[in-house]
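Worksheet for the structure shown next.
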Amino acid sequence: MRPRQAVLTALLVAFFPLAGCMEVEQTSSAKQAGQTVRRDTSAWSNAPLAGGPAWKQGDRTSWEEQIKKRQLAQNESVRIGN
Amino acid sequence: MARMKFLCDAERCIECNGCVTACKNENEVPWGVNRRRVVTINDGVVGAEKSISVACMHCSDAPCMAVCPVDCFYRTDDGVVLHDKDLCIGCGYCFYACPFGAPQFPQAGAFGLRGKMDKCTFCAGGPEPDRSEAEFKKYGRNRLSEGKLPACAEMCSTKALLGGDGDVISDIYRDRVARRGNKGAEAWGWGSAYGQPPKAAAPAAPAGGKS
């Protein structure tokens with residue numbers, strides 16, 4: 001083998017394992033599903049209606065507490081004490 | 001808070017379509033669109049007939065959201081999958097992707113022209129300002145912002161349809177199944193659906209009475 005061929009072969013062997021690293025990312029990392037619409041507000045940021053369920057406006061925990069009571073009311077075994 | 005979910009108890013659903021009517025009425029859903037519907041199998045077969053109420057299940061990894069070419073879907077902090085009708089192009093990809101057939105398309109004109117997608121919002125409205133007229137016209141009523149649960153679940157007469165935090169309604173259903181006792185799939189009817197009432201303690205024999 002000539003010296004020039006030997007050098008080329010050595011270069012090919014050396015860089016061949018790295019060929020996979022050259023793969024270009026084909027998906028956009030900037031865009032993910034469900035990220036475009038950002039203008040909705042949370043339910044607990046609203047003031048409670050007069051005469052309706054009560055919570056402290058803007059307080060997620062108090063909103064969750066009152067709606068959990070409402071969820072538990074779906075269990076008639078607890079509600080009517082069977 | 002986990003995620004808002006629906007759970008339908010097939011032992012209790014009596015195919016009354018009360019949930020469908022409640023949804024239609026609460027959200028003023030247009031003609032030809034059914035955000036919720038009741039599906040029955042083995043119709044008329046005694047003991048084998050089962051019904052469940054189906055709508056958008058607000059999937060944790062929603063396929064509609066994944067396939068939407070304009071990315072009009074989003075998920076609220078409490079796990080409700082909603083969409084923006086201003087972005088929707090009415091292509092129908094979400095309908096093909098949804099395993100429940102939840103996305104609906106109103107007829108927007110002659111020759112079957114398809115309008116923008118409409119689906120169950122878990123009574124959480126849309127991206128418009130909460131309780132606004134614009135929100136109501138596009139998405140229906142926002143009951144979550146009023147501290148209430150979806151109308152379909154709250155109106156269900158047999159409490160077959162449960163709505164709310166997945167953990168809470170799972171607990172309710174688990175309690176219900178435990179009350180039914182060790183019955184298999186062959187059990188059906190009132191006792192299976194509503195459980196057996198606790199047996200009353202036998203009255204104690206009066207002291208000094210005859211044995």
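Identifiers in this document derive from the order of the structure tokens: chains are assigned A, B, ..., residues are numbered from 1 separately in each chain, and ligands are numbered from 1 in order of occurrence.
Near Arg176 of chain B, within 10 Å and counting only C-alpha atoms, sit Asn75, Glu76 and Ser77 of chain A; Asp9, Ser170, Ser192, Ala193, Tyr194 and Gly195 of chain B, not including residues fewer than 6 positions from it in the same chain.
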Could you please take those selected residues and save C-alpha atoms as a PDB file, in the first residue's frame?
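Listing of part29.pdb after writing:
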ATOM      1  CA  ASN A  75     -70.728  10.284  46.066  1.00  0.00           C
ATOM      2  CA  GLU A  76     -74.281   9.730  47.241  1.00  0.00           C
ATOM      3  CA  SER A  77     -73.144   7.157  49.786  1.00  0.00           C
TER       4      SER A  77
ATOM      5  CA  ASP B   9     -70.039   3.804  35.462  1.00  0.00           C
ATOM      6  CA  SER B 170     -61.415   7.316  41.305  1.00  0.00           C
ATOM      7  CA  SER B 192     -74.872  -4.190  41.472  1.00  0.00           C
ATOM      8  CA  ALA B 193     -75.318  -0.562  40.524  1.00  0.00           C
ATOM      9  CA  TYR B 194     -76.088   0.880  43.917  1.00  0.00           C
ATOM     10  CA  GLY B 195     -74.654  -1.689  46.312  1.00  0.00           C
TER      11      GLY B 195
END
Inset, instruction - Restrict the distance test to only C-alpha atoms, flag each residue of chain A within 12 Å of chain B, and return the flagged residues as a ChimeraX atom specification. - result: /A:31-58,60-79,81-82
Take the selection from the previous step and output its residues with N, CA and C atoms, as a short mmCIF file (atom, residue, chain, number, x, y, z; two decimals), in the first residue's frame.
data_model
loop_
_atom_site.label_atom_id
_atom_site.label_comp_id
_atom_site.auth_asym_id
_atom_site.auth_seq_id
_atom_site.Cartn_x
_atom_site.Cartn_y
_atom_site.Cartn_z
N LYS A 31 -40.55 24.58 18.87
CA LYS A 31 -42.00 24.43 18.86
C LYS A 31 -42.42 23.06 19.37
N GLN A 32 -43.26 23.06 20.37
CA GLN A 32 -43.81 21.83 20.91
C GLN A 32 -45.32 21.96 20.93
N ALA A 33 -46.00 20.82 20.81
CA ALA A 33 -47.47 20.85 20.77
C ALA A 33 -48.02 21.46 22.05
N GLY A 34 -49.06 22.26 21.89
CA GLY A 34 -49.74 22.84 23.05
C GLY A 34 -49.07 24.08 23.60
N GLN A 35 -48.15 24.67 22.86
CA GLN A 35 -47.42 25.83 23.37
C GLN A 35 -47.83 27.14 22.68
N THR A 36 -48.64 27.04 21.63
CA THR A 36 -48.95 28.24 20.85
C THR A 36 -49.96 29.14 21.56
N VAL A 37 -51.03 28.54 22.09
CA VAL A 37 -52.09 29.34 22.73
C VAL A 37 -51.72 29.59 24.19
N ARG A 38 -51.53 30.84 24.52
CA ARG A 38 -51.11 31.16 25.89
C ARG A 38 -51.96 32.26 26.51
N ARG A 39 -53.13 32.52 25.93
CA ARG A 39 -53.87 33.70 26.41
C ARG A 39 -55.03 33.35 27.34
N ASP A 40 -55.19 32.08 27.71
CA ASP A 40 -56.28 31.71 28.61
C ASP A 40 -55.89 32.02 30.05
N THR A 41 -56.90 32.26 30.86
CA THR A 41 -56.64 32.54 32.27
C THR A 41 -57.15 31.38 33.12
N SER A 42 -56.66 31.27 34.32
CA SER A 42 -57.04 30.17 35.19
C SER A 42 -58.40 30.44 35.84
N ALA A 43 -59.07 29.35 36.20
CA ALA A 43 -60.43 29.47 36.75
C ALA A 43 -60.43 30.24 38.06
N TRP A 44 -59.41 30.05 38.87
CA TRP A 44 -59.38 30.65 40.21
C TRP A 44 -59.03 32.14 40.17
N SER A 45 -58.64 32.64 38.99
CA SER A 45 -58.31 34.07 38.92
C SER A 45 -59.57 34.92 38.85
N ASN A 46 -60.72 34.28 38.67
CA ASN A 46 -62.00 35.01 38.61
C ASN A 46 -62.59 35.19 40.01
N ALA A 47 -63.38 36.24 40.13
CA ALA A 47 -64.07 36.45 41.39
C ALA A 47 -65.26 35.51 41.47
N PRO A 48 -65.54 34.92 42.62
CA PRO A 48 -66.70 34.04 42.73
C PRO A 48 -68.00 34.81 42.52
N LEU A 49 -69.00 34.14 41.98
CA LEU A 49 -70.28 34.79 41.73
C LEU A 49 -71.07 34.89 43.03
N ALA A 50 -71.88 35.93 43.11
CA ALA A 50 -72.70 36.11 44.31
C ALA A 50 -73.68 34.95 44.46
N GLY A 51 -73.71 34.37 45.64
CA GLY A 51 -74.63 33.26 45.89
C GLY A 51 -74.13 31.92 45.41
N GLY A 52 -72.99 31.90 44.74
CA GLY A 52 -72.44 30.65 44.23
C GLY A 52 -71.33 30.12 45.11
N PRO A 53 -70.59 29.14 44.63
CA PRO A 53 -69.46 28.62 45.39
C PRO A 53 -68.46 29.73 45.69
N ALA A 54 -67.89 29.70 46.88
CA ALA A 54 -67.00 30.79 47.30
C ALA A 54 -65.55 30.33 47.39
N TRP A 55 -64.65 31.19 46.94
CA TRP A 55 -63.21 30.98 47.13
C TRP A 55 -62.55 32.34 47.12
N LYS A 56 -61.29 32.38 47.51
CA LYS A 56 -60.56 33.64 47.52
C LYS A 56 -59.99 33.87 46.13
N GLN A 57 -60.36 35.00 45.53
CA GLN A 57 -59.94 35.28 44.14
C GLN A 57 -58.42 35.21 44.00
N GLY A 58 -57.99 34.43 43.02
CA GLY A 58 -56.56 34.30 42.74
C GLY A 58 -55.87 33.23 43.56
N ARG A 60 -55.42 29.59 44.26
CA ARG A 60 -55.69 28.29 43.66
C ARG A 60 -56.13 27.26 44.70
N THR A 61 -55.47 27.31 45.85
CA THR A 61 -55.77 26.31 46.88
C THR A 61 -57.22 26.40 47.34
N SER A 62 -57.69 27.62 47.58
CA SER A 62 -59.07 27.76 48.07
C SER A 62 -60.07 27.34 46.98
N TRP A 63 -59.74 27.62 45.71
CA TRP A 63 -60.62 27.19 44.61
C TRP A 63 -60.67 25.67 44.54
N GLU A 64 -59.50 25.06 44.70
CA GLU A 64 -59.44 23.59 44.64
C GLU A 64 -60.20 22.95 45.80
N GLU A 65 -60.11 23.59 46.95
CA GLU A 65 -60.81 23.04 48.12
C GLU A 65 -62.32 23.04 47.93
N GLN A 66 -62.83 24.17 47.42
CA GLN A 66 -64.28 24.24 47.26
C GLN A 66 -64.76 23.32 46.15
N ILE A 67 -63.96 23.17 45.10
CA ILE A 67 -64.42 22.30 44.00
C ILE A 67 -64.26 20.83 44.38
N LYS A 68 -63.36 20.55 45.30
CA LYS A 68 -63.23 19.17 45.77
C LYS A 68 -64.47 18.78 46.59
N LYS A 69 -64.98 19.73 47.36
CA LYS A 69 -66.22 19.46 48.10
C LYS A 69 -67.34 19.13 47.13
N ARG A 70 -67.35 19.87 46.03
CA ARG A 70 -68.39 19.64 45.01
C ARG A 70 -68.21 18.28 44.36
N GLN A 71 -66.97 17.89 44.15
CA GLN A 71 -66.71 16.58 43.57
C GLN A 71 -67.15 15.46 44.51
N LEU A 72 -66.85 15.64 45.78
CA LEU A 72 -67.22 14.61 46.76
C LEU A 72 -68.72 14.49 46.91
N ALA A 73 -69.44 15.56 46.59
CA ALA A 73 -70.91 15.51 46.67
C ALA A 73 -71.49 14.58 45.62
N GLN A 74 -70.67 14.15 44.66
CA GLN A 74 -71.15 13.18 43.67
C GLN A 74 -71.26 11.78 44.26
N ASN A 75 -70.65 11.59 45.41
CA ASN A 75 -70.73 10.28 46.07
C ASN A 75 -71.95 10.26 46.98
N GLU A 76 -73.04 9.68 46.48
CA GLU A 76 -74.28 9.73 47.24
C GLU A 76 -74.20 8.92 48.52
N SER A 77 -73.29 7.96 48.57
CA SER A 77 -73.14 7.16 49.79
C SER A 77 -72.71 8.03 50.95
N VAL A 78 -71.87 9.03 50.65
CA VAL A 78 -71.42 9.95 51.68
C VAL A 78 -72.46 11.04 51.92
N ARG A 79 -73.04 11.50 50.80
CA ARG A 79 -73.95 12.63 50.88
C ARG A 79 -75.20 12.32 51.69
N GLY A 81 -75.47 9.56 53.55
CA GLY A 81 -75.11 8.79 54.72
C GLY A 81 -75.60 7.36 54.70
N ASN A 82 -75.44 6.70 53.55
CA ASN A 82 -75.85 5.29 53.48
C ASN A 82 -74.80 4.40 54.12
#
Inset, instruction - Could you give me, as number ranges by chain, the residues within 10 Å of segment 54-58 of chain B, counting only C-alpha atoms and dropping anything in the same chain fewer than 4 positions from it? - result: B: 3-8, 19-20, 34-39, 62, 75, 79-82, 98-103, 119-122, 161
Could you dump the residues just selected with N, CA and C atoms as a PDB file, in the first residue's frame?
ATOM      1  N   ARG B   3     -55.571  15.838  37.626  1.00  0.00           N
ATOM      2  CA  ARG B   3     -56.111  16.285  36.345  1.00  0.00           C
ATOM      3  C   ARG B   3     -57.617  16.063  36.315  1.00  0.00           C
ATOM      4  N   MET B   4     -58.312  16.975  35.672  1.00  0.00           N
ATOM      5  CA  MET B   4     -59.757  16.855  35.529  1.00  0.00           C
ATOM      6  C   MET B   4     -60.080  15.725  34.545  1.00  0.00           C
ATOM      7  N   LYS B   5     -60.935  14.820  34.977  1.00  0.00           N
ATOM      8  CA  LYS B   5     -61.288  13.657  34.152  1.00  0.00           C
ATOM      9  C   LYS B   5     -62.779  13.361  34.274  1.00  0.00           C
ATOM     10  N   PHE B   6     -63.269  12.599  33.311  1.00  0.00           N
ATOM     11  CA  PHE B   6     -64.621  12.032  33.387  1.00  0.00           C
ATOM     12  C   PHE B   6     -64.499  10.544  33.647  1.00  0.00           C
ATOM     13  N   LEU B   7     -65.462   9.994  34.365  1.00  0.00           N
ATOM     14  CA  LEU B   7     -65.519   8.549  34.581  1.00  0.00           C
ATOM     15  C   LEU B   7     -66.986   8.141  34.488  1.00  0.00           C
ATOM     16  N   CYS B   8     -67.283   7.168  33.632  1.00  0.00           N
ATOM     17  CA  CYS B   8     -68.681   6.741  33.494  1.00  0.00           C
ATOM     18  C   CYS B   8     -68.831   5.305  33.974  1.00  0.00           C
ATOM     19  N   CYS B  19     -77.238  13.681  30.264  1.00  0.00           N
ATOM     20  CA  CYS B  19     -75.945  14.368  30.129  1.00  0.00           C
ATOM     21  C   CYS B  19     -75.847  15.087  28.793  1.00  0.00           C
ATOM     22  N   VAL B  20     -76.359  14.437  27.744  1.00  0.00           N
ATOM     23  CA  VAL B  20     -76.334  15.030  26.405  1.00  0.00           C
ATOM     24  C   VAL B  20     -77.187  16.299  26.393  1.00  0.00           C
ATOM     25  N   ASN B  34     -72.632  17.132  18.611  1.00  0.00           N
ATOM     26  CA  ASN B  34     -72.850  16.441  19.880  1.00  0.00           C
ATOM     27  C   ASN B  34     -71.535  16.352  20.631  1.00  0.00           C
ATOM     28  N   ARG B  35     -71.361  17.252  21.551  1.00  0.00           N
ATOM     29  CA  ARG B  35     -70.134  17.205  22.343  1.00  0.00           C
ATOM     30  C   ARG B  35     -70.106  15.955  23.212  1.00  0.00           C
ATOM     31  N   ARG B  36     -71.265  15.495  23.610  1.00  0.00           N
ATOM     32  CA  ARG B  36     -71.372  14.285  24.426  1.00  0.00           C
ATOM     33  C   ARG B  36     -72.448  13.409  23.829  1.00  0.00           C
ATOM     34  N   ARG B  37     -72.252  12.104  23.930  1.00  0.00           N
ATOM     35  CA  ARG B  37     -73.276  11.174  23.438  1.00  0.00           C
ATOM     36  C   ARG B  37     -73.225   9.900  24.268  1.00  0.00           C
ATOM     37  N   VAL B  38     -74.322   9.172  24.245  1.00  0.00           N
ATOM     38  CA  VAL B  38     -74.392   7.917  25.001  1.00  0.00           C
ATOM     39  C   VAL B  38     -74.288   6.752  24.024  1.00  0.00           C
ATOM     40  N   VAL B  39     -73.365   5.854  24.304  1.00  0.00           N
ATOM     41  CA  VAL B  39     -73.152   4.685  23.455  1.00  0.00           C
ATOM     42  C   VAL B  39     -73.654   3.454  24.199  1.00  0.00           C
ATOM     43  N   ALA B  62     -52.663  14.032  24.813  1.00  0.00           N
ATOM     44  CA  ALA B  62     -53.761  14.095  23.843  1.00  0.00           C
ATOM     45  C   ALA B  62     -53.263  13.958  22.402  1.00  0.00           C
ATOM     46  N   ARG B  75     -53.442  22.902  27.067  1.00  0.00           N
ATOM     47  CA  ARG B  75     -53.935  22.242  28.278  1.00  0.00           C
ATOM     48  C   ARG B  75     -53.893  23.239  29.427  1.00  0.00           C
ATOM     49  N   GLY B  79     -55.518  20.475  33.792  1.00  0.00           N
ATOM     50  CA  GLY B  79     -55.523  19.297  32.922  1.00  0.00           C
ATOM     51  C   GLY B  79     -56.622  19.224  31.885  1.00  0.00           C
ATOM     52  N   VAL B  80     -57.339  20.310  31.664  1.00  0.00           N
ATOM     53  CA  VAL B  80     -58.416  20.300  30.672  1.00  0.00           C
ATOM     54  C   VAL B  80     -57.830  20.644  29.295  1.00  0.00           C
ATOM     55  N   VAL B  81     -58.155  19.818  28.302  1.00  0.00           N
ATOM     56  CA  VAL B  81     -57.657  20.057  26.940  1.00  0.00           C
ATOM     57  C   VAL B  81     -58.654  20.963  26.209  1.00  0.00           C
ATOM     58  N   LEU B  82     -58.194  22.133  25.830  1.00  0.00           N
ATOM     59  CA  LEU B  82     -59.046  23.102  25.138  1.00  0.00           C
ATOM     60  C   LEU B  82     -58.408  23.485  23.808  1.00  0.00           C
ATOM     61  N   CYS B  98     -58.402  11.203  17.327  1.00  0.00           N
ATOM     62  CA  CYS B  98     -59.092  10.975  18.602  1.00  0.00           C
ATOM     63  C   CYS B  98     -59.686   9.573  18.674  1.00  0.00           C
ATOM     64  N   PRO B  99     -59.348   8.774  19.700  1.00  0.00           N
ATOM     65  CA  PRO B  99     -59.924   7.436  19.825  1.00  0.00           C
ATOM     66  C   PRO B  99     -61.387   7.440  20.252  1.00  0.00           C
ATOM     67  N   PHE B 100     -61.902   8.575  20.673  1.00  0.00           N
ATOM     68  CA  PHE B 100     -63.275   8.651  21.172  1.00  0.00           C
ATOM     69  C   PHE B 100     -64.224   9.370  20.212  1.00  0.00           C
ATOM     70  N   GLY B 101     -63.707   9.853  19.105  1.00  0.00           N
ATOM     71  CA  GLY B 101     -64.557  10.587  18.157  1.00  0.00           C
ATOM     72  C   GLY B 101     -65.103  11.863  18.755  1.00  0.00           C
ATOM     73  N   ALA B 102     -64.336  12.472  19.640  1.00  0.00           N
ATOM     74  CA  ALA B 102     -64.834  13.659  20.343  1.00  0.00           C
ATOM     75  C   ALA B 102     -64.933  14.909  19.467  1.00  0.00           C
ATOM     76  N   PRO B 103     -63.948  15.194  18.613  1.00  0.00           N
ATOM     77  CA  PRO B 103     -64.061  16.434  17.820  1.00  0.00           C
ATOM     78  C   PRO B 103     -65.268  16.405  16.884  1.00  0.00           C
ATOM     79  N   LYS B 119     -65.770  20.833  20.527  1.00  0.00           N
ATOM     80  CA  LYS B 119     -65.711  19.643  21.384  1.00  0.00           C
ATOM     81  C   LYS B 119     -66.023  20.021  22.810  1.00  0.00           C
ATOM     82  N   CYS B 120     -66.134  18.986  23.644  1.00  0.00           N
ATOM     83  CA  CYS B 120     -66.354  19.194  25.079  1.00  0.00           C
ATOM     84  C   CYS B 120     -65.214  20.025  25.648  1.00  0.00           C
ATOM     85  N   THR B 121     -65.556  21.005  26.467  1.00  0.00           N
ATOM     86  CA  THR B 121     -64.539  21.863  27.089  1.00  0.00           C
ATOM     87  C   THR B 121     -64.420  21.590  28.587  1.00  0.00           C
ATOM     88  N   PHE B 122     -65.040  20.542  29.068  1.00  0.00           N
ATOM     89  CA  PHE B 122     -65.143  20.275  30.511  1.00  0.00           C
ATOM     90  C   PHE B 122     -65.795  21.495  31.185  1.00  0.00           C
ATOM     91  N   LEU B 161     -72.173   9.206  35.630  1.00  0.00           N
ATOM     92  CA  LEU B 161     -71.107  10.042  35.084  1.00  0.00           C
ATOM     93  C   LEU B 161     -70.531  10.902  36.192  1.00  0.00           C
TER      94      LEU B 161
END
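As for atom CA of Gly32 of chain B and atom CA of Gln107 of chain B, they are spaced 7.6 Å apart.
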